[in-house]
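Coordinates as given in start.cif (mmCIF, C-alpha atoms):
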data_model
#
loop_
_atom_site.label_atom_id
_atom_site.label_comp_id
_atom_site.auth_asym_id
_atom_site.auth_seq_id
_atom_site.Cartn_x
_atom_site.Cartn_y
_atom_site.Cartn_z
CA ARG X 1 -5.31 26.90 11.07
CA LEU X 2 -4.07 23.39 11.83
CA ARG X 3 -7.16 22.73 13.95
CA LEU X 4 -9.40 23.99 11.14
CA ARG X 5 -7.70 21.71 8.61
CA ARG X 6 -8.08 18.72 10.92
CA HIS X 7 -11.71 19.55 11.59
CA PHE X 8 -12.45 19.96 7.87
CA ARG X 9 -10.66 16.70 7.04
CA ALA X 10 -12.62 14.90 9.73
CA LEU X 11 -15.90 16.24 8.40
CA VAL X 12 -15.01 15.12 4.88
CA HIS X 13 -14.14 11.63 6.14
CA ALA X 14 -17.30 11.43 8.18
CA GLY X 15 -19.51 12.63 5.33
CA ALA X 16 -17.97 10.13 2.95
CA MET X 17 -18.68 7.17 5.20
CA SER X 18 -21.64 4.97 4.40
CA ASP X 19 -24.55 5.34 6.82
CA THR X 20 -25.74 1.85 5.94
CA ALA X 21 -22.57 -0.01 6.93
CA ALA X 22 -22.81 -1.79 10.26
CA PRO X 23 -20.50 -2.26 11.94
CA ALA X 24 -18.11 0.53 10.76
CA ARG X 25 -14.38 -0.06 10.31
CA LEU X 26 -11.77 2.67 10.71
CA TYR X 27 -8.17 2.76 9.53
CA VAL X 28 -5.80 4.20 12.16
CA GLY X 29 -2.44 5.09 10.63
CA ASN X 30 0.96 6.25 11.88
CA ILE X 31 0.65 4.58 15.27
CA PRO X 32 3.84 3.96 17.30
CA TRP X 33 5.45 0.54 16.75
CA SER X 34 4.98 -0.31 20.44
CA THR X 35 1.19 0.24 20.43
CA THR X 36 -0.75 -2.87 21.46
CA ILE X 37 -4.26 -3.98 20.53
CA ASP X 38 -5.45 -3.40 24.09
CA GLU X 39 -4.01 0.13 24.14
CA LEU X 40 -5.69 0.99 20.85
CA ARG X 41 -8.97 -0.47 22.09
CA ASP X 42 -8.83 1.62 25.29
CA ILE X 43 -8.15 4.81 23.34
CA PHE X 44 -11.08 4.38 20.96
CA ALA X 45 -13.47 3.01 23.60
CA GLU X 46 -13.96 6.63 24.66
CA CYS X 47 -15.74 7.24 21.33
CA GLY X 48 -18.26 4.39 21.55
CA GLY X 49 -18.68 0.65 21.48
CA VAL X 50 -15.59 -0.96 19.98
CA ARG X 51 -16.43 -4.30 18.39
CA ASP X 52 -12.97 -5.40 17.27
CA VAL X 53 -9.38 -4.13 17.01
CA ASP X 54 -6.49 -5.45 14.94
CA ILE X 55 -2.88 -4.33 14.41
CA PRO X 56 -1.41 -6.16 11.39
CA THR X 57 2.18 -7.37 11.76
CA GLY X 58 4.96 -8.25 9.33
CA ARG X 59 6.94 -11.46 9.01
CA GLN X 60 9.05 -10.64 12.06
CA GLY X 61 5.96 -10.02 14.18
CA ARG X 62 6.59 -6.27 14.16
CA SER X 63 3.67 -3.86 13.85
CA ARG X 64 3.10 -2.45 10.37
CA GLY X 65 2.36 0.94 11.88
CA TYR X 66 -1.41 0.97 11.49
CA GLY X 67 -4.49 -0.58 13.04
CA ILE X 68 -8.11 -1.38 12.21
CA VAL X 69 -10.83 -0.42 14.70
CA GLU X 70 -14.38 -1.66 14.20
CA PHE X 71 -17.34 0.04 15.92
CA ASN X 72 -20.86 -1.23 16.47
CA THR X 73 -22.46 1.70 14.62
CA THR X 74 -21.50 4.22 11.94
CA GLU X 75 -22.45 7.06 14.31
CA GLU X 76 -19.79 5.94 16.76
CA ALA X 77 -17.28 5.62 13.93
CA HIS X 78 -18.13 9.16 12.73
CA ALA X 79 -17.53 10.45 16.24
CA ALA X 80 -14.17 8.66 16.41
CA VAL X 81 -13.00 10.19 13.11
CA THR X 82 -14.02 13.69 14.23
CA ARG X 83 -12.43 13.30 17.64
CA MET X 84 -9.32 11.22 16.94
CA ASP X 85 -8.02 12.23 13.48
CA GLY X 86 -4.87 14.28 14.10
CA HIS X 87 -4.73 13.10 17.74
CA ALA X 88 -1.30 12.68 19.37
CA LEU X 89 -0.41 9.11 20.31
CA GLY X 90 3.01 8.88 21.91
CA ASP X 91 5.32 10.86 19.63
CA ARG X 92 3.08 10.33 16.59
CA THR X 93 0.11 12.20 15.10
CA ILE X 94 -2.33 9.51 14.01
CA THR X 95 -4.55 9.43 10.94
CA VAL X 96 -8.10 8.16 11.34
CA ARG X 97 -10.43 7.52 8.39
CA GLU X 98 -12.93 5.01 7.05
CA ASP X 99 -11.33 1.69 6.16
CA LYS X 100 -12.44 0.90 2.62
CA ALA X 101 -10.70 -2.45 2.33
CA PRO X 102 -13.23 -5.26 1.72
CA THR X 103 -13.84 -7.72 4.52
CA LYS X 104 -13.61 -11.48 4.09
CA ALA X 105 -17.40 -11.67 3.81
CA ALA X 106 -17.41 -9.03 1.09
CA VAL X 107 -15.24 -11.14 -1.17
CA GLY X 108 -17.20 -14.33 -0.70
CA GLY X 109 -14.89 -15.89 1.87
CA LYS X 110 -12.13 -16.60 -0.66
CA LYS X 111 -8.51 -16.55 0.44
CA LEU X 112 -7.72 -12.86 0.61
CA ASN X 113 -3.95 -13.05 0.40
CA SER X 114 -3.98 -15.02 -2.84
CA ALA X 115 -1.89 -13.04 -5.32
CA VAL X 116 -2.73 -15.00 -8.47
CA LEU X 117 -5.85 -16.34 -10.16
CA SER X 118 -4.21 -19.63 -11.08
CA ASP X 119 -0.82 -20.89 -12.20
CA ALA X 120 -1.50 -19.72 -15.76
CA PRO X 121 -4.26 -17.84 -17.58
CA ALA X 122 -6.84 -20.01 -19.38
CA GLY X 123 -6.01 -18.40 -22.73
CA GLY X 124 -2.30 -19.19 -22.48
CA ASP X 125 0.83 -17.06 -22.30
CA GLY X 126 0.39 -13.36 -22.93
CA CYS X 127 -3.27 -13.26 -21.83
CA ARG X 128 -2.67 -12.00 -18.31
CA CYS X 129 -1.96 -8.35 -17.47
CA TYR X 130 -0.58 -6.69 -14.35
CA PHE X 131 -2.50 -3.59 -13.21
CA GLY X 132 -0.44 -1.48 -10.80
CA ASN X 133 -0.64 1.77 -8.81
CA LEU X 134 -4.27 1.06 -7.86
CA ALA X 135 -6.16 2.98 -5.21
CA TRP X 136 -6.71 1.02 -2.00
CA GLU X 137 -10.47 0.97 -2.56
CA THR X 138 -10.24 -0.40 -6.12
CA THR X 139 -11.99 -3.78 -6.39
CA GLU X 140 -12.29 -6.46 -9.06
CA GLU X 141 -15.64 -4.98 -10.05
CA THR X 142 -14.05 -1.54 -10.44
CA LEU X 143 -11.40 -2.92 -12.81
CA ILE X 144 -13.89 -4.96 -14.85
CA THR X 145 -16.10 -1.89 -15.26
CA HIS X 146 -13.08 0.18 -16.27
CA CYS X 147 -12.04 -2.38 -18.88
CA THR X 148 -15.58 -2.60 -20.22
CA GLY X 149 -15.54 1.15 -20.74
CA PHE X 150 -12.62 0.65 -23.14
CA GLY X 151 -14.46 -2.13 -24.97
CA MET X 152 -12.39 -4.87 -23.32
CA ASN X 153 -13.88 -8.18 -22.14
CA VAL X 154 -12.32 -9.51 -18.92
CA VAL X 155 -12.25 -13.26 -18.32
CA GLN X 156 -11.27 -12.92 -14.69
CA ALA X 157 -9.68 -10.39 -12.35
CA GLU X 158 -8.27 -10.48 -8.84
CA VAL X 159 -6.90 -7.71 -6.65
CA ALA X 160 -3.92 -8.85 -4.54
CA ARG X 161 -4.66 -8.45 -0.84
CA GLN X 162 -2.95 -8.84 2.50
CA SER X 163 -4.19 -11.48 4.93
CA GLY X 164 -6.45 -8.92 6.62
CA GLY X 165 -8.20 -8.04 3.37
CA ARG X 166 -6.43 -4.76 2.55
CA SER X 167 -5.45 -4.23 -1.08
CA LYS X 168 -1.75 -4.37 -1.99
CA GLY X 169 -2.35 -1.78 -4.72
CA TRP X 170 -2.11 -4.12 -7.72
CA ALA X 171 -4.12 -6.78 -9.53
CA LEU X 172 -3.94 -9.47 -12.21
CA VAL X 173 -6.46 -9.44 -15.04
CA ASP X 174 -7.00 -12.25 -17.57
CA PHE X 175 -8.17 -11.66 -21.14
CA ALA X 176 -9.36 -14.24 -23.68
CA THR X 177 -6.42 -13.84 -26.06
CA ALA X 178 -2.93 -12.38 -26.11
CA GLU X 179 -4.11 -9.89 -28.72
CA GLU X 180 -6.83 -8.59 -26.40
CA ALA X 181 -4.32 -8.30 -23.57
CA GLN X 182 -1.98 -6.27 -25.77
CA ASP X 183 -4.89 -4.08 -26.84
CA ALA X 184 -5.72 -3.51 -23.17
CA ILE X 185 -2.15 -2.39 -22.50
CA GLU X 186 -2.17 0.07 -25.41
CA ARG X 187 -5.55 1.50 -24.44
CA MET X 188 -5.45 1.56 -20.66
CA HIS X 189 -1.83 2.11 -19.61
CA ASN X 190 -1.71 5.48 -17.81
CA SER X 191 -5.52 5.70 -17.79
CA ASP X 192 -7.23 7.04 -14.67
CA VAL X 193 -8.94 4.76 -12.15
CA GLN X 194 -10.32 6.41 -9.02
CA GLY X 195 -7.88 9.29 -9.26
CA ARG X 196 -4.74 7.25 -9.97
CA SER X 197 -2.81 6.83 -13.22
CA ILE X 198 -2.56 3.05 -13.47
CA ILE X 199 0.22 0.88 -14.85
CA VAL X 200 -0.81 -1.86 -17.27
CA ARG X 201 1.69 -4.38 -18.64
CA VAL X 202 1.81 -8.02 -19.60
CA GLU X 203 2.35 -10.43 -16.71
CA ARG X 204 5.20 -12.69 -17.75
CA PRO X 205 4.66 -16.44 -17.19
CA GLY X 206 6.75 -17.98 -14.41
CA ALA X 207 7.76 -14.63 -12.99
CA GLY X 208 9.85 -15.21 -9.89
CA ALA X 209 10.19 -18.95 -10.54
CA LYS X 210 12.80 -21.09 -12.23
CA GLY X 211 12.94 -20.44 -15.91
CA ALA X 212 12.16 -16.74 -15.49
CA ARG X 213 14.42 -14.17 -17.12
CA VAL X 214 17.76 -14.05 -15.33
CA GLU X 215 19.37 -10.74 -14.50
CA THR X 216 22.58 -10.62 -16.53
CA ARG X 217 24.20 -7.80 -14.57
CA PRO X 218 26.59 -9.34 -12.01
CA GLU X 219 25.68 -8.86 -8.39
CA ASN X 220 28.03 -6.68 -6.40
CA SER X 221 26.34 -5.77 -3.14
CA SER X 222 28.12 -3.93 -0.35
CA GLY X 223 25.29 -4.84 2.04
CA LEU X 224 25.00 -1.17 3.00
CA GLN X 225 22.27 0.01 0.62
CA ILE X 226 18.60 -0.88 0.43
CA VAL X 227 16.04 -0.43 -2.35
CA VAL X 228 12.64 0.91 -1.27
CA ARG X 229 9.74 0.32 -3.68
CA ASN X 230 6.01 1.19 -3.77
CA LEU X 231 6.69 4.74 -2.54
CA PRO X 232 4.04 7.47 -2.84
CA TRP X 233 4.69 9.70 -5.87
CA THR X 234 5.18 12.68 -3.54
CA THR X 235 8.04 11.09 -1.57
CA THR X 236 11.26 13.12 -1.70
CA SER X 237 14.84 12.18 -0.89
CA GLU X 238 14.56 14.11 2.36
CA ASP X 239 11.42 12.15 3.27
CA LEU X 240 13.35 8.90 2.85
CA ARG X 241 16.17 10.21 5.01
CA GLN X 242 13.77 11.22 7.78
CA VAL X 243 12.06 7.81 7.76
CA PHE X 244 15.16 5.63 7.84
CA GLN X 245 17.38 7.65 10.13
CA GLN X 246 15.29 6.09 12.91
CA VAL X 247 17.36 2.89 12.54
CA GLY X 248 20.81 4.35 11.87
CA ASN X 249 22.93 7.00 10.25
CA VAL X 250 21.79 7.56 6.66
CA VAL X 251 24.77 8.36 4.45
CA ASN X 252 22.62 9.05 1.38
CA ALA X 253 18.96 8.77 0.39
CA VAL X 254 17.64 9.16 -3.15
CA ALA X 255 14.05 9.16 -4.39
CA VAL X 256 14.53 8.17 -8.05
CA CYS X 257 12.79 10.37 -10.64
CA HIS X 258 12.39 10.44 -14.41
CA THR X 259 15.09 12.65 -15.91
CA ASP X 260 12.78 14.25 -18.48
CA THR X 261 9.75 15.07 -16.33
CA GLY X 262 11.15 15.01 -12.81
CA ARG X 263 8.26 12.77 -11.73
CA SER X 264 8.96 10.11 -9.13
CA LYS X 265 9.38 6.52 -10.33
CA GLY X 266 7.92 5.24 -7.06
CA TRP X 267 11.16 3.84 -5.63
CA GLY X 268 14.40 4.96 -4.06
CA THR X 269 17.63 3.89 -2.38
CA VAL X 270 18.99 4.45 1.12
CA LEU X 271 22.68 4.01 2.02
CA PHE X 272 23.66 3.26 5.63
CA GLU X 273 26.98 3.28 7.48
CA THR X 274 26.82 -0.40 8.46
CA ARG X 275 25.32 -3.65 7.18
CA GLU X 276 23.56 -4.08 10.52
CA GLN X 277 21.70 -0.80 10.03
CA ALA X 278 20.63 -1.85 6.52
CA GLN X 279 19.30 -5.18 7.82
CA ALA X 280 17.50 -3.41 10.66
CA ALA X 281 15.80 -1.14 8.12
CA ILE X 282 14.61 -4.15 6.10
CA GLN X 283 13.31 -6.00 9.15
CA GLY X 284 11.75 -2.94 10.73
CA PHE X 285 10.17 -1.18 7.77
CA ASN X 286 9.37 -3.78 5.10
CA GLY X 287 5.58 -3.71 4.75
CA VAL X 288 5.20 -0.59 6.89
CA GLU X 289 2.93 2.04 5.32
CA LEU X 290 4.25 5.40 4.16
CA GLU X 291 1.28 7.66 3.37
CA HIS X 292 -0.97 4.59 3.15
CA ARG X 293 1.35 2.63 0.82
CA PRO X 294 3.18 -0.43 2.25
CA MET X 295 6.89 -0.09 1.46
CA GLN X 296 8.67 -3.02 -0.20
CA ILE X 297 12.29 -3.14 0.95
CA LYS X 298 15.17 -5.33 -0.16
CA LEU X 299 18.94 -5.22 -0.06
CA ASP X 300 20.38 -3.53 -3.16
CA ARG X 301 22.23 -6.31 -4.98
CA PHE X 302 24.01 -4.03 -7.42
CA ASP X 303 25.26 -1.01 -5.46
#
Would you write out, as C-alpha cells, the structure that this file holds?
Amino acid sequence: RLRLRRHFRALVHAGAMSDTAAPARLYVGNIPWSTTIDELRDIFAECGGVRDVDIPTGRQGRSRGYGIVEFNTTEEAHAAVTRMDGHALGDRTITVREDKAPTKAAVGGKKLNSAVLSDAPAGGDGCRCYFGNLAWETTEETLITHCTGFGMNVVQAEVARQSGGRSKGWALVDFATAEEAQDAIERMHNSDVQGRSIIVRVERPGAGAKGARVETRPENSSGLQIVVRNLPWTTTSEDLRQVFQQVGNVVNAVAVCHTDTGRSKGWGTVLFETREQAQAAIQGFNGVELEHRPMQIKLDRFD
C-alpha cells in the first residue's frame, strides 16, 4: 500500500509539471543535514542530465534540510520524481516534487530577498496590508488577481522571498488609501487563495524599528524554552517533541491551539532541560522546513 501511495503521488506530481518548462527544477525535501551538493548531484544524475544543484543554508551555514535539483529536460525531471520520491537517503525518506518557486529571471532580476516594497507606502500610513499563510506558489500576480476579484485596486504587491527565490509564505500589498486597505481586510481576511485560508491585516509603520509599539509585559526568560512559529496547521505537540528531541531532552512541547475551535494557531513552544539545548535548537532548526514551511524559532522571552 505504501508503494502504491508513493507511485500515485509521483504520477500526480509528474502530471502537474509543465511540459514547456526547460530546464525543470525539483524540490528535494527532508534530506539529512550532512548531505552535500555533490552527493545530491550524484544521486540524481542516475535519472538524467543534472544542470544545477543547490542546498540552501541558514545564517550559521547549516543546511535547511532541502535542496533544489535542476534537470536539462522536463522528461528527466518527471523520471526523477517517479523514481526518487519516497526514496531513502541516509535515515530520511525524501520528498521530491516540482519546485514552483519563481527563478530570478521570472521576477525580472529584482532582488528576491527584499521583504518590503519601500520604507513606506505611497498613500501613507494604513495603506499597506500584510497577507500571510500564502501557498508557496502564490505570486504577486496571483494576489493582484485575487484582490481584483473582490473589487480592490492594488497599487503594488510583493511576495517576500528567500535569497534563492523561494516564497516565505507572506506578502505586502499597497492600496491607494487607508480606507481601501481596511476594506480589503474586511473582505479578504480568511478568504481562500490556492487552497489556503489567508491572513490579511494592516502592516504597521516602523514595525521592528525604533518607535514601534513596545511590549509592556516584563521579560522573564529562563533561557530554557523556545517559541516556534510558522508551523503547518496539522502540527501536533507530539510532532514538535519528535522534531526537537534530536538536539536534547524535551521536557514539554505544546502546539498552541484556539480554545474554541481546537484549530492550530501556527506556533508552539518547546521546553528543554538546559539553555545549551535551547540554543542548539535555535541554531540548528531556525529556517529549516517542516512539511514545506520554514520554521521561525526564537528564545521565549516570557516563560
| field | Residues selected by the PyMOL selection byres ((chain X and resi 272-283) around 8), written as an MDAnalysis selection string | value | chainID X and resid 60 223:226 244 247:252 270:271 284:286 297:299
File dump, residues just selected, C-alpha atoms, as an mmCIF file, keeping the file's coordinate frame:
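So the final result, stored in result13.cif, reads:
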data_model
loop_
_atom_site.group_PDB
_atom_site.id
_atom_site.type_symbol
_atom_site.label_atom_id
_atom_site.label_comp_id
_atom_site.auth_asym_id
_atom_site.auth_seq_id
_atom_site.Cartn_x
_atom_site.Cartn_y
_atom_site.Cartn_z
ATOM 1 C CA GLN X 60 9.050 -10.640 12.060
ATOM 2 C CA GLY X 223 25.290 -4.840 2.040
ATOM 3 C CA LEU X 224 25.000 -1.170 3.000
ATOM 4 C CA GLN X 225 22.270 0.010 0.620
ATOM 5 C CA ILE X 226 18.600 -0.880 0.430
ATOM 6 C CA PHE X 244 15.160 5.630 7.840
ATOM 7 C CA VAL X 247 17.360 2.890 12.540
ATOM 8 C CA GLY X 248 20.810 4.350 11.870
ATOM 9 C CA ASN X 249 22.930 7.000 10.250
ATOM 10 C CA VAL X 250 21.790 7.560 6.660
ATOM 11 C CA VAL X 251 24.770 8.360 4.450
ATOM 12 C CA ASN X 252 22.620 9.050 1.380
ATOM 13 C CA VAL X 270 18.990 4.450 1.120
ATOM 14 C CA LEU X 271 22.680 4.010 2.020
ATOM 15 C CA GLY X 284 11.750 -2.940 10.730
ATOM 16 C CA PHE X 285 10.170 -1.180 7.770
ATOM 17 C CA ASN X 286 9.370 -3.780 5.100
ATOM 18 C CA ILE X 297 12.290 -3.140 0.950
ATOM 19 C CA LYS X 298 15.170 -5.330 -0.160
ATOM 20 C CA LEU X 299 18.940 -5.220 -0.060
#
| said: Rounded to one decimal, what separation in Å do you get between CA of Gly65 in chain X and CA of Cys47 in chain X? | reply: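 These two atoms are separated by 21.4 Å.
Using only C-alpha atoms, the nearest neighbour of Cys129 in chain X within the list X:Leu172, X:Ala77, X:Ile43, X:Met152 is X:Leu172.
Nearest residue to Glu46 in chain X, choosing from X:Ala178, X:Val173, X:Ile185, X:Ala79 and counting only C-alpha atoms: X:Ala79.
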| task | State, in Å with one decimal place, the distance from CA of Val288 in chain X to CA of Gly132 in chain X. | result |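 Between CA of Val288 in chain X and CA of Gly132 in chain X the gap is 18.6 Å.
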| message | Counting all atoms listed in the file, find residues at most 9 Å from (-3.3, 6.1, -8.2) (file frame) and give them as JSON, numbers by chain. | response | {"X": [132, 133, 134, 135, 136, 169, 192, 193, 194, 195, 196, 197, 198]}
| message | Env of Thr269 in chain X: 8 Å cut, atoms = only C-alpha atoms, seq-sep filter 4 positions within chain, self excluded. Answer as a ChimeraX atom specification. | response | /X:225-228,253-256,300
| message | Evaluated on this file, the PyMOL selection byres ((chain X and resi 186) around 12) picks out some residues - which ones are they, written as a ChimeraX atom specification? | response | /X:129,150,152,179-185,187-191,199-202
| message | With only C-alpha atoms as the counted atoms, please give the residues lying no more than 8 Å from Pro294 in chain X, apart from itself and same-chain residues fewer than 5 positions off, as JSON, numbers by chain. | response | {"X": [168, 230, 231, 286, 287, 288, 289]}
| query | Rounded to one decimal in Å, what is the spacing between CA of Glu291 in chain X and CA of Leu40 in chain X? | reply | 20.0 Å
| said: I need the residue nearest His292 in chain X from this list: X:Thr73, X:Ser167, X:Thr57, X:Thr139. Use all atoms listed in the file for the distance. | reply: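 Of X:Thr73, X:Ser167, X:Thr57, X:Thr139, the one nearest His292 in chain X is X:Ser167, counting all atoms listed in the file.
In terms of minimum interatomic distance to Glu76 in chain X, X:Arg25 ranks closest within X:Arg92, X:Arg64, X:Arg25, X:Arg161, counting only C-alpha atoms.
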